[in-house]
$ cat query_1.pdb   # PDB, C-alpha atoms and all ligand atoms
MODEL        1
ATOM      1  CA  MET A   1     -11.098  26.828   4.920  1.00  0.00           C
ATOM      2  CA  SER A   2      -9.482  24.004   6.869  1.00  0.00           C
ATOM      3  CA  SER A   3      -5.729  23.742   7.056  1.00  0.00           C
ATOM      4  CA  PRO A   4      -4.079  20.514   5.882  1.00  0.00           C
ATOM      5  CA  PHE A   5      -3.482  19.650   9.546  1.00  0.00           C
ATOM      6  CA  GLU A   6      -7.152  20.096  10.354  1.00  0.00           C
ATOM      7  CA  VAL A   7      -8.106  17.926   7.394  1.00  0.00           C
ATOM      8  CA  LEU A   8      -5.932  15.146   8.811  1.00  0.00           C
ATOM      9  CA  GLY A   9      -6.951  15.929  12.391  1.00  0.00           C
ATOM     10  CA  VAL A  10      -3.448  16.494  13.771  1.00  0.00           C
ATOM     11  CA  GLU A  11      -1.627  19.361  15.445  1.00  0.00           C
ATOM     12  CA  PRO A  12       0.615  21.504  13.227  1.00  0.00           C
ATOM     13  CA  ASP A  13       3.638  20.299  15.187  1.00  0.00           C
ATOM     14  CA  ALA A  14       2.702  16.622  14.924  1.00  0.00           C
ATOM     15  CA  ASP A  15       5.612  14.323  14.195  1.00  0.00           C
ATOM     16  CA  GLU A  16       5.818  12.293  11.006  1.00  0.00           C
ATOM     17  CA  ALA A  17       4.572   9.067  12.551  1.00  0.00           C
ATOM     18  CA  THR A  18       1.461  10.805  13.899  1.00  0.00           C
ATOM     19  CA  ILE A  19       0.804  12.410  10.534  1.00  0.00           C
ATOM     20  CA  VAL A  20       1.140   9.100   8.705  1.00  0.00           C
ATOM     21  CA  ARG A  21      -1.205   7.389  11.171  1.00  0.00           C
ATOM     22  CA  ALA A  22      -3.750  10.174  10.859  1.00  0.00           C
ATOM     23  CA  TYR A  23      -3.444  10.097   7.096  1.00  0.00           C
ATOM     24  CA  ARG A  24      -4.112   6.357   6.922  1.00  0.00           C
ATOM     25  CA  ARG A  25      -7.114   6.762   9.198  1.00  0.00           C
ATOM     26  CA  ARG A  26      -8.555   9.674   7.223  1.00  0.00           C
ATOM     27  CA  VAL A  27      -7.972   7.900   3.918  1.00  0.00           C
ATOM     28  CA  LYS A  28      -9.993   4.980   5.167  1.00  0.00           C
ATOM     29  CA  GLU A  29     -12.720   7.191   6.600  1.00  0.00           C
ATOM     30  CA  THR A  30     -13.132   9.243   3.436  1.00  0.00           C
ATOM     31  CA  HIS A  31     -12.539   6.696   0.702  1.00  0.00           C
ATOM     32  CA  PRO A  32     -15.616   6.433  -1.544  1.00  0.00           C
ATOM     33  CA  ASP A  33     -15.530   2.656  -1.231  1.00  0.00           C
ATOM     34  CA  GLN A  34     -15.744   3.017   2.557  1.00  0.00           C
ATOM     35  CA  GLY A  35     -18.715   5.365   2.628  1.00  0.00           C
ATOM     36  CA  GLY A  36     -16.829   8.633   2.134  1.00  0.00           C
ATOM     37  CA  SER A  37     -16.945  11.005  -0.789  1.00  0.00           C
ATOM     38  CA  ALA A  38     -14.539  11.636  -3.655  1.00  0.00           C
ATOM     39  CA  ARG A  39     -14.281  15.292  -2.586  1.00  0.00           C
ATOM     40  CA  GLU A  40     -13.290  14.435   0.993  1.00  0.00           C
ATOM     41  CA  PHE A  41     -10.905  11.743  -0.189  1.00  0.00           C
ATOM     42  CA  GLN A  42      -9.216  14.164  -2.557  1.00  0.00           C
ATOM     43  CA  ALA A  43      -8.981  16.784   0.204  1.00  0.00           C
ATOM     44  CA  VAL A  44      -7.187  14.288   2.457  1.00  0.00           C
ATOM     45  CA  LYS A  45      -4.773  13.351  -0.319  1.00  0.00           C
ATOM     46  CA  GLU A  46      -4.053  17.007  -1.034  1.00  0.00           C
ATOM     47  CA  ALA A  47      -3.596  17.814   2.656  1.00  0.00           C
ATOM     48  CA  TYR A  48      -1.081  15.007   3.058  1.00  0.00           C
ATOM     49  CA  GLU A  49       0.743  16.054  -0.104  1.00  0.00           C
ATOM     50  CA  ARG A  50       0.962  19.658   1.092  1.00  0.00           C
ATOM     51  CA  ILE A  51       2.289  18.663   4.506  1.00  0.00           C
ATOM     52  CA  ARG A  52       4.868  16.410   2.867  1.00  0.00           C
ATOM     53  CA  ALA A  53       5.918  19.256   0.565  1.00  0.00           C
ATOM     54  CA  GLY A  54       6.032  21.789   3.415  1.00  0.00           C
ATOM     55  CA  ASP A  55       3.342  23.805   1.655  1.00  0.00           C
ATOM     56  CA  VAL A  56       1.230  24.437   4.746  1.00  0.00           C
ATOM     57  CA  ASP A  57      -0.297  27.138   6.830  1.00  0.00           C
ATOM     58  CA  SER A  58       0.980  26.263  10.282  1.00  0.00           C
ATOM     59  CA  GLU A  59      -1.534  28.487  12.079  1.00  0.00           C
ATOM     60  CA  PRO A  60      -3.147  26.140  14.617  1.00  0.00           C
ATOM     61  CA  ALA A  61      -6.882  26.172  15.127  1.00  0.00           C
ATOM     62  CA  ALA A  62      -8.265  26.945  18.579  1.00  0.00           C
ATOM     63  CA  ASP A  63      -8.582  23.813  20.678  1.00  0.00           C
ATOM     64  CA  ASP A  64     -12.248  24.492  21.327  1.00  0.00           C
ATOM     65  CA  ASP A  65     -12.939  24.201  17.615  1.00  0.00           C
ATOM     66  CA  LYS A  66     -11.534  20.720  17.387  1.00  0.00           C
ATOM     67  CA  PRO A  67     -13.605  17.607  17.620  1.00  0.00           C
ATOM     68  CA  ALA A  68     -12.614  15.365  20.503  1.00  0.00           C
ATOM     69  CA  ALA A  69     -11.525  12.663  18.140  1.00  0.00           C
ATOM     70  CA  ARG A  70      -8.988  14.967  16.551  1.00  0.00           C
ATOM     71  CA  ARG A  71      -7.557  15.941  19.928  1.00  0.00           C
ATOM     72  CA  ALA A  72      -7.290  12.279  20.789  1.00  0.00           C
ATOM     73  CA  GLU A  73      -5.360  11.621  17.592  1.00  0.00           C
ATOM     74  CA  SER A  74      -2.996  14.463  18.341  1.00  0.00           C
ATOM     75  CA  ALA A  75      -2.368  13.329  21.878  1.00  0.00           C
ATOM     76  CA  GLY A  76      -2.436   9.643  21.162  1.00  0.00           C
ATOM     77  CA  GLY A  77       1.236   9.054  20.397  1.00  0.00           C
ATOM     78  CA  GLY A  78       1.601   5.556  19.048  1.00  0.00           C
ATOM     79  CA  SER A  79      -1.961   4.421  19.643  1.00  0.00           C
ATOM     80  CA  ARG A  80      -4.721   4.125  17.081  1.00  0.00           C
ATOM     81  CA  ASP A  81      -7.646   6.508  17.357  1.00  0.00           C
ATOM     82  CA  SER A  82     -10.062   4.839  19.745  1.00  0.00           C
ATOM     83  CA  THR A  83     -12.829   7.398  19.602  1.00  0.00           C
ATOM     84  CA  SER A  84     -14.053   8.099  16.094  1.00  0.00           C
ATOM     85  CA  GLY A  85     -12.088   5.452  14.241  1.00  0.00           C
ATOM     86  CA  GLY A  86     -12.097   2.630  16.741  1.00  0.00           C
ATOM     87  CA  ALA A  87     -15.306   0.918  15.792  1.00  0.00           C
ATOM     88  CA  GLN A  88     -14.599   1.243  12.124  1.00  0.00           C
ATOM     89  CA  ASP A  89     -11.094  -0.105  12.573  1.00  0.00           C
ATOM     90  CA  SER A  90     -12.427  -3.054  14.511  1.00  0.00           C
ATOM     91  CA  THR A  91     -14.799  -3.876  11.704  1.00  0.00           C
ATOM     92  CA  GLU A  92     -12.069  -3.491   9.152  1.00  0.00           C
ATOM     93  CA  ASN A  93      -9.686  -5.585  11.170  1.00  0.00           C
ATOM     94  CA  ARG A  94     -12.224  -8.369  11.315  1.00  0.00           C
ATOM     95  CA  GLU A  95     -12.817  -8.115   7.594  1.00  0.00           C
ATOM     96  CA  ASN A  96      -9.141  -8.027   6.880  1.00  0.00           C
ATOM     97  CA  ALA A  97      -8.468 -10.874   9.253  1.00  0.00           C
ATOM     98  CA  ASP A  98     -10.911 -12.829   7.121  1.00  0.00           C
ATOM     99  CA  ARG A  99      -8.991 -11.898   4.018  1.00  0.00           C
ATOM    100  CA  SER A 100      -5.634 -12.467   5.591  1.00  0.00           C
ATOM    101  CA  ASP A 101      -4.128 -15.848   4.988  1.00  0.00           C
ATOM    102  CA  THR A 102      -7.122 -16.939   2.965  1.00  0.00           C
ATOM    103  CA  PRO A 103      -5.452 -16.799  -0.421  1.00  0.00           C
ATOM    104  CA  ALA A 104      -7.425 -17.038  -3.611  1.00  0.00           C
ATOM    105  CA  SER A 105      -5.311 -19.752  -5.096  1.00  0.00           C
ATOM    106  CA  GLY A 106      -2.906 -22.508  -4.208  1.00  0.00           C
ATOM    107  CA  PRO A 107      -0.718 -21.727  -1.194  1.00  0.00           C
ATOM    108  CA  ASP A 108       1.626 -24.496  -0.120  1.00  0.00           C
ATOM    109  CA  ALA A 109      -0.456 -26.095   2.609  1.00  0.00           C
ATOM    110  CA  ASP A 110       2.515 -27.777   4.262  1.00  0.00           C
ATOM    111  CA  ARG A 111       4.908 -24.930   3.754  1.00  0.00           C
ATOM    112  CA  ASP A 112       7.224 -24.197   6.645  1.00  0.00           C
ATOM    113  CA  ALA A 113       6.585 -20.590   7.614  1.00  0.00           C
ATOM    114  CA  ALA A 114      10.251 -20.213   8.558  1.00  0.00           C
ATOM    115  CA  THR A 115      11.562 -20.846   5.043  1.00  0.00           C
ATOM    116  CA  THR A 116      12.503 -18.202   2.529  1.00  0.00           C
ATOM    117  CA  SER A 117      10.606 -17.728  -0.708  1.00  0.00           C
ATOM    118  CA  ARG A 118      11.944 -16.903  -4.144  1.00  0.00           C
ATOM    119  CA  VAL A 119      10.191 -14.139  -6.036  1.00  0.00           C
ATOM    120  CA  GLU A 120      10.684 -13.562  -9.746  1.00  0.00           C
ATOM    121  CA  PHE A 121       9.503 -10.134 -10.892  1.00  0.00           C
ATOM    122  CA  VAL A 122       8.845  -8.108 -14.017  1.00  0.00           C
ATOM    123  CA  ASN A 123       8.344  -4.351 -14.083  1.00  0.00           C
ATOM    124  CA  HIS A 124       4.993  -3.487 -15.620  1.00  0.00           C
ATOM    125  CA  ALA A 125       6.587  -0.387 -17.156  1.00  0.00           C
ATOM    126  CA  VAL A 126       8.468  -2.491 -19.736  1.00  0.00           C
ATOM    127  CA  LEU A 127       5.478  -4.384 -21.092  1.00  0.00           C
ATOM    128  CA  ASP A 128       4.324  -1.756 -23.569  1.00  0.00           C
ATOM    129  CA  ASP A 129       7.802  -1.211 -24.947  1.00  0.00           C
ATOM    130  CA  HIS A 130       8.046  -4.890 -25.854  1.00  0.00           C
ATOM    131  CA  GLY A 131       4.464  -5.396 -26.973  1.00  0.00           C
ATOM    132  CA  TRP A 132       3.763  -7.788 -24.097  1.00  0.00           C
ATOM    133  CA  ALA A 133       0.491  -8.160 -22.205  1.00  0.00           C
ATOM    134  CA  LEU A 134      -0.076  -8.875 -18.516  1.00  0.00           C
ATOM    135  CA  ASP A 135      -1.812 -12.132 -19.364  1.00  0.00           C
ATOM    136  CA  ASP A 136       0.790 -13.420 -21.808  1.00  0.00           C
ATOM    137  CA  GLU A 137       1.329 -17.013 -20.728  1.00  0.00           C
ATOM    138  CA  ASP A 138       5.041 -16.812 -21.473  1.00  0.00           C
ATOM    139  CA  LEU A 139       5.547 -13.317 -20.072  1.00  0.00           C
ATOM    140  CA  PHE A 140       8.304 -14.352 -17.686  1.00  0.00           C
ATOM    141  CA  GLU A 141      10.090 -16.447 -20.321  1.00  0.00           C
ATOM    142  CA  LYS A 142      10.031 -13.481 -22.691  1.00  0.00           C
ATOM    143  CA  ALA A 143      11.290 -11.192 -19.948  1.00  0.00           C
ATOM    144  CA  ALA A 144      14.128 -13.616 -19.166  1.00  0.00           C
ATOM    145  CA  ASP A 145      15.187 -13.631 -22.842  1.00  0.00           C
ATOM    146  CA  ALA A 146      14.975  -9.852 -23.287  1.00  0.00           C
ATOM    147  CA  ASP A 147      18.127  -8.811 -21.448  1.00  0.00           C
ATOM    148  CA  LEU A 148      16.200  -6.340 -19.300  1.00  0.00           C
ATOM    149  CA  ALA A 149      17.787  -4.067 -16.696  1.00  0.00           C
ATOM    150  CA  PRO A 150      18.123  -5.646 -13.222  1.00  0.00           C
ATOM    151  CA  GLU A 151      15.294  -3.504 -11.860  1.00  0.00           C
ATOM    152  CA  ASP A 152      12.954  -4.591 -14.653  1.00  0.00           C
ATOM    153  CA  HIS A 153      13.336  -8.355 -14.399  1.00  0.00           C
ATOM    154  CA  GLY A 154      15.022 -10.561 -11.860  1.00  0.00           C
ATOM    155  CA  ALA A 155      14.505 -12.538  -8.686  1.00  0.00           C
ATOM    156  CA  PHE A 156      15.215 -12.263  -4.987  1.00  0.00           C
ATOM    157  CA  GLU A 157      14.641 -14.098  -1.759  1.00  0.00           C
ATOM    158  CA  VAL A 158      12.057 -13.020   0.817  1.00  0.00           C
ATOM    159  CA  GLU A 159      12.922 -13.847   4.414  1.00  0.00           C
ATOM    160  CA  PRO A 160      10.306 -15.170   6.856  1.00  0.00           C
ATOM    161  CA  GLY A 161       8.350 -12.286   8.349  1.00  0.00           C
ATOM    162  CA  GLU A 162       9.370  -9.928   5.572  1.00  0.00           C
ATOM    163  CA  SER A 163       6.895  -8.282   3.227  1.00  0.00           C
ATOM    164  CA  LEU A 164       7.455  -8.393  -0.505  1.00  0.00           C
ATOM    165  CA  LEU A 165       8.149  -4.655  -0.592  1.00  0.00           C
ATOM    166  CA  GLU A 166      10.606  -4.864   2.296  1.00  0.00           C
ATOM    167  CA  ALA A 167      12.470  -7.669   0.559  1.00  0.00           C
ATOM    168  CA  ALA A 168      12.600  -5.722  -2.714  1.00  0.00           C
ATOM    169  CA  GLU A 169      14.052  -2.744  -0.868  1.00  0.00           C
ATOM    170  CA  ARG A 170      16.557  -4.915   0.980  1.00  0.00           C
ATOM    171  CA  HIS A 171      17.789  -6.073  -2.416  1.00  0.00           C
ATOM    172  CA  GLY A 172      18.177  -2.490  -3.602  1.00  0.00           C
ATOM    173  CA  PHE A 173      14.987  -2.037  -5.614  1.00  0.00           C
ATOM    174  CA  ALA A 174      12.808   1.067  -5.281  1.00  0.00           C
ATOM    175  CA  TRP A 175       9.335  -0.375  -5.801  1.00  0.00           C
ATOM    176  CA  PRO A 176       6.377   2.034  -5.597  1.00  0.00           C
ATOM    177  CA  PHE A 177       4.542   2.656  -2.353  1.00  0.00           C
ATOM    178  CA  SER A 178       2.822   5.434  -0.447  1.00  0.00           C
ATOM    179  CA  CYS A 179       1.067   4.662   2.841  1.00  0.00           C
ATOM    180  CA  ARG A 180       2.658   1.269   3.629  1.00  0.00           C
ATOM    181  CA  GLY A 181      -0.489   0.489   5.558  1.00  0.00           C
ATOM    182  CA  GLY A 182      -2.978  -1.115   3.181  1.00  0.00           C
ATOM    183  CA  ALA A 183      -4.793   2.110   2.328  1.00  0.00           C
ATOM    184  CA  CYS A 184      -3.708   2.740  -1.266  1.00  0.00           C
ATOM    185  CA  ALA A 185      -2.880   0.903  -4.476  1.00  0.00           C
ATOM    186  CA  ASN A 186       0.576   2.370  -5.042  1.00  0.00           C
ATOM    187  CA  CYS A 187       2.349  -0.802  -3.999  1.00  0.00           C
ATOM    188  CA  ALA A 188       0.060  -3.151  -5.922  1.00  0.00           C
ATOM    189  CA  VAL A 189       1.464  -6.160  -7.728  1.00  0.00           C
ATOM    190  CA  LEU A 190      -0.146  -8.725  -9.989  1.00  0.00           C
ATOM    191  CA  LEU A 191       0.470 -12.276  -8.857  1.00  0.00           C
ATOM    192  CA  ARG A 192       1.170 -14.585 -11.752  1.00  0.00           C
ATOM    193  CA  GLU A 193       2.151 -17.527  -9.611  1.00  0.00           C
ATOM    194  CA  GLY A 194       2.091 -18.290  -5.884  1.00  0.00           C
ATOM    195  CA  GLU A 195       0.307 -16.396  -3.140  1.00  0.00           C
ATOM    196  CA  LEU A 196       0.827 -13.464  -0.786  1.00  0.00           C
ATOM    197  CA  SER A 197      -0.916 -12.937   2.526  1.00  0.00           C
ATOM    198  CA  GLN A 198      -2.846  -9.698   2.873  1.00  0.00           C
ATOM    199  CA  PRO A 199      -2.982  -8.837   6.565  1.00  0.00           C
ATOM    200  CA  ALA A 200      -3.915  -5.193   5.967  1.00  0.00           C
ATOM    201  CA  ASP A 201      -5.983  -4.372   2.936  1.00  0.00           C
ATOM    202  CA  HIS A 202      -8.381  -1.489   3.355  1.00  0.00           C
ATOM    203  CA  ILE A 203      -8.644  -0.607  -0.285  1.00  0.00           C
ATOM    204  CA  LEU A 204      -8.805  -3.393  -2.855  1.00  0.00           C
ATOM    205  CA  PRO A 205     -12.301  -4.376  -3.954  1.00  0.00           C
ATOM    206  CA  GLU A 206     -13.088  -8.060  -4.216  1.00  0.00           C
ATOM    207  CA  GLU A 207     -12.908  -8.095  -8.006  1.00  0.00           C
ATOM    208  CA  LEU A 208      -9.287  -6.952  -7.919  1.00  0.00           C
ATOM    209  CA  ILE A 209      -8.431  -9.558  -5.298  1.00  0.00           C
ATOM    210  CA  GLU A 210      -9.978 -12.158  -7.565  1.00  0.00           C
ATOM    211  CA  GLU A 211      -7.820 -10.864 -10.401  1.00  0.00           C
ATOM    212  CA  ASN A 212      -4.764 -11.576  -8.233  1.00  0.00           C
ATOM    213  CA  ILE A 213      -3.929  -7.979  -7.418  1.00  0.00           C
ATOM    214  CA  ARG A 214      -2.185  -7.787  -4.039  1.00  0.00           C
ATOM    215  CA  LEU A 215      -0.464  -5.166  -1.875  1.00  0.00           C
ATOM    216  CA  SER A 216       3.290  -5.689  -1.636  1.00  0.00           C
ATOM    217  CA  CYS A 217       3.838  -3.426   1.401  1.00  0.00           C
ATOM    218  CA  ASN A 218       2.372  -5.902   3.861  1.00  0.00           C
ATOM    219  CA  GLY A 219       1.950  -9.097   1.842  1.00  0.00           C
ATOM    220  CA  GLU A 220       4.214 -11.962   2.853  1.00  0.00           C
ATOM    221  CA  PRO A 221       4.741 -15.032   0.661  1.00  0.00           C
ATOM    222  CA  LEU A 222       2.594 -18.039   1.426  1.00  0.00           C
ATOM    223  CA  THR A 223       4.317 -20.138  -1.218  1.00  0.00           C
ATOM    224  CA  ASP A 224       7.944 -21.025  -1.863  1.00  0.00           C
ATOM    225  CA  GLU A 225       7.897 -19.593  -5.374  1.00  0.00           C
ATOM    226  CA  LEU A 226       6.133 -16.500  -6.684  1.00  0.00           C
ATOM    227  CA  GLN A 227       6.021 -14.618  -9.928  1.00  0.00           C
ATOM    228  CA  VAL A 228       4.804 -11.022  -9.720  1.00  0.00           C
ATOM    229  CA  VAL A 229       4.427  -8.083 -12.034  1.00  0.00           C
ATOM    230  CA  TYR A 230       5.157  -5.039  -9.908  1.00  0.00           C
ATOM    231  CA  ASN A 231       4.459  -1.355 -10.560  1.00  0.00           C
ATOM    232  CA  VAL A 232       0.919  -2.039 -11.781  1.00  0.00           C
ATOM    233  CA  LYS A 233      -0.446   1.058 -10.040  1.00  0.00           C
ATOM    234  CA  HIS A 234      -1.118   2.715 -13.399  1.00  0.00           C
ATOM    235  CA  LEU A 235      -3.664   0.112 -14.436  1.00  0.00           C
ATOM    236  CA  PRO A 236      -6.912   2.017 -15.031  1.00  0.00           C
ATOM    237  CA  ARG A 237      -8.805   0.242 -12.272  1.00  0.00           C
ATOM    238  CA  LEU A 238      -6.117   1.114  -9.735  1.00  0.00           C
ATOM    239  CA  GLU A 239      -5.733   4.738 -10.751  1.00  0.00           C
ATOM    240  CA  SER A 240      -8.417   6.068  -8.419  1.00  0.00           C
ATOM    241  CA  LEU A 241      -7.028   4.070  -5.476  1.00  0.00           C
ATOM    242  CA  ARG A 242      -3.609   5.642  -5.618  1.00  0.00           C
ATOM    243  CA  LEU A 243      -2.253   8.180  -3.151  1.00  0.00           C
ATOM    244  CA  PRO A 244       0.627  10.658  -3.330  1.00  0.00           C
ATOM    245  CA  PRO A 245       3.883   8.708  -3.458  1.00  0.00           C
ATOM    246  CA  GLY A 246       5.817   8.009  -0.297  1.00  0.00           C
ATOM    247  CA  PRO A 247       8.853  10.156   0.476  1.00  0.00           C
ATOM    248  CA  PHE A 248      11.312   7.546  -0.740  1.00  0.00           C
ATOM    249  CA  GLU A 249       9.330   6.168  -3.640  1.00  0.00           C
ATOM    250  CA  PHE A 250      11.582   7.637  -6.275  1.00  0.00           C
ATOM    251  CA  SER A 251      14.876   7.023  -4.558  1.00  0.00           C
ATOM    252  CA  ARG A 252      16.979   4.023  -5.458  1.00  0.00           C
ATOM    253  CA  THR A 253      18.692   2.275  -2.629  1.00  0.00           C
ATOM    254  CA  ASP A 254      21.509   0.551  -4.506  1.00  0.00           C
TER
HETATM  255  S1  LIG B 301      -1.200  -0.104   0.634  1.00  0.00           S
HETATM  256 FE1  LIG B 301      -0.321   1.874   0.445  1.00  0.00          FE
HETATM  257  S2  LIG B 301       1.759   1.384   0.076  1.00  0.00           S
HETATM  258 FE2  LIG B 301       0.872  -0.561   0.274  1.00  0.00          FE
ENDMDL
END
$ encode --input "query_1.pdb" --output "structure tokens"
Amino acid sequence: MSSPFEVLGVEPDADEATIVRAYRRRVKETHPDQGGSAREFQAVKEAYERIRAGDVDSEPAADDDKPAARRAESAGGGSRDSTSGGAQDSTENRENADRSDTPASGPDADRDAATTSRVEFVNHAVLDDHGWALDDEDLFEKAADADLAPEDHGAFEVEPGESLLEAAERHGFAWPFSCRGGACANCAVLLREGELSQPADHILPEELIEENIRLSCNGEPLTDELQVVYNVKHLPRLESLRLPPGPFEFSRTD
């Protein structure tokens, strides 16, 4: 049976950055939507979770047993895998470049990229408690009148070059995430108004893009004003695209 390190294709003494890179690559390789299988995908998720939890057998496999691509990943330091994953990544990058900056609706065409944007947010977790629905036209008005906790409704500024998730964290909010690399749905938000770029999206199918689901970890505002419902990862259609939470997902930074 393969060790978690073998599943990810890294050495047992790999540093965190190498493990995260390998994890993102393996998630993409094994995701059912990318030609992989649910069993492989689950094995990668479990391997990553075990390494994160320290629940691992650190016995290294003999070098001769390792595919060349795995050795390259282990030795590659900060570079992307250029053997097994290179061609796939190139294809994905082209696809994602097509998606990037081609928003589904209404970016400010003349917007100065150096200006800040204002993002108003609502936490999806409070909708049920109040009997609200995601498509309520007056959702944000109702949230503003409901005296919600600061983490459940509010607004903040996003600086140029900052992702939505980074801005939320800078303002002290612990929004969900896992990979921070476009390979899961943990950081997903629903756009109610405005537009986010999507420079790295390896996971969302077209129908979810069309429904204004975006990834907050790498999406940067393309409009001056946005309204988003964050923490939508529990929506049924996103459930299967989620990964184990990131190490800081449940910590609050305020
Ligand atoms: S895509 Fe995984 S955290 Fe954003």
$ atom_distance --input "query_1.pdb" --atom1 "atom CA of Leu196 of chain A" --atom2 "atom CA of Leu208 of chain A"
14.0 Å
$ resolve_selection --input "query_1.pdb" --expression "the PyMOL selection byres (((chain A and resi 200) around 7) and not hetatm)" --output "list in words"
Asn96, Gly181, Gly182, Gln198, Pro199, Asp201, His202 and Asn218 of chain A
$ axis_aligned_box --input "query_1.pdb" --around "ligand LIG 301 (chain B)" --padding-each-side "4 Å" --output "AutoDock Vina command-line options"
--center_x 0.3 --center_y 0.7 --center_z 0.4 --size_x 11.0 --size_y 10.4 --size_z 8.6
$ closest_residue --input "query_1.pdb" --among "A:Ala155, A:Val56, A:Val126, A:Val20" --to "ligand LIG 301 (chain B)" --atoms "all atoms listed in the file"
A:Val20
$ residues_near_ligand --input "query_1.pdb" --ligand "ligand LIG 301 (chain B)" --cutoff "7 Å" --atoms "all atoms listed in the file" --output "list in words"
Phe177, Ser178, Cys179, Arg180, Gly181, Gly182, Ala183, Cys184, Ala185, Asn186, Cys187, Ala188, Asp201, Leu215, Ser216, Cys217 and Asn218 of chain A
$ atom_distance --input "query_1.pdb" --atom1 "atom CA of Glu206 of chain A" --atom2 "atom CA of Asp138 of chain A"
26.5 Å
$ resolve_selection --input "query_1.pdb" --expression "the PyMOL selection byres (((chain A and resi 222) around 6) and not hetatm)" --output "PyMOL selection string"
chain A and resi 107+195-196+221+223
$ resolve_selection --input "query_1.pdb" --expression "the PyMOL selection byres (((chain A and resi 139) around 12) and not hetatm)" --output "PyMOL selection string"
chain A and resi 120-124+126-127+130-138+140-146+153+192-193+227-229
$ atom_distance --input "query_1.pdb" --atom1 "atom CA of Glu16 of chain A" --atom2 "atom CA of Glu166 of chain A"
19.8 Å
$ closest_residue --input "query_1.pdb" --among "A:Leu238, A:Lys233, A:Pro244, A:Met1" --to "Ile51 of chain A" --atoms "all atoms listed in the file"
A:Pro244
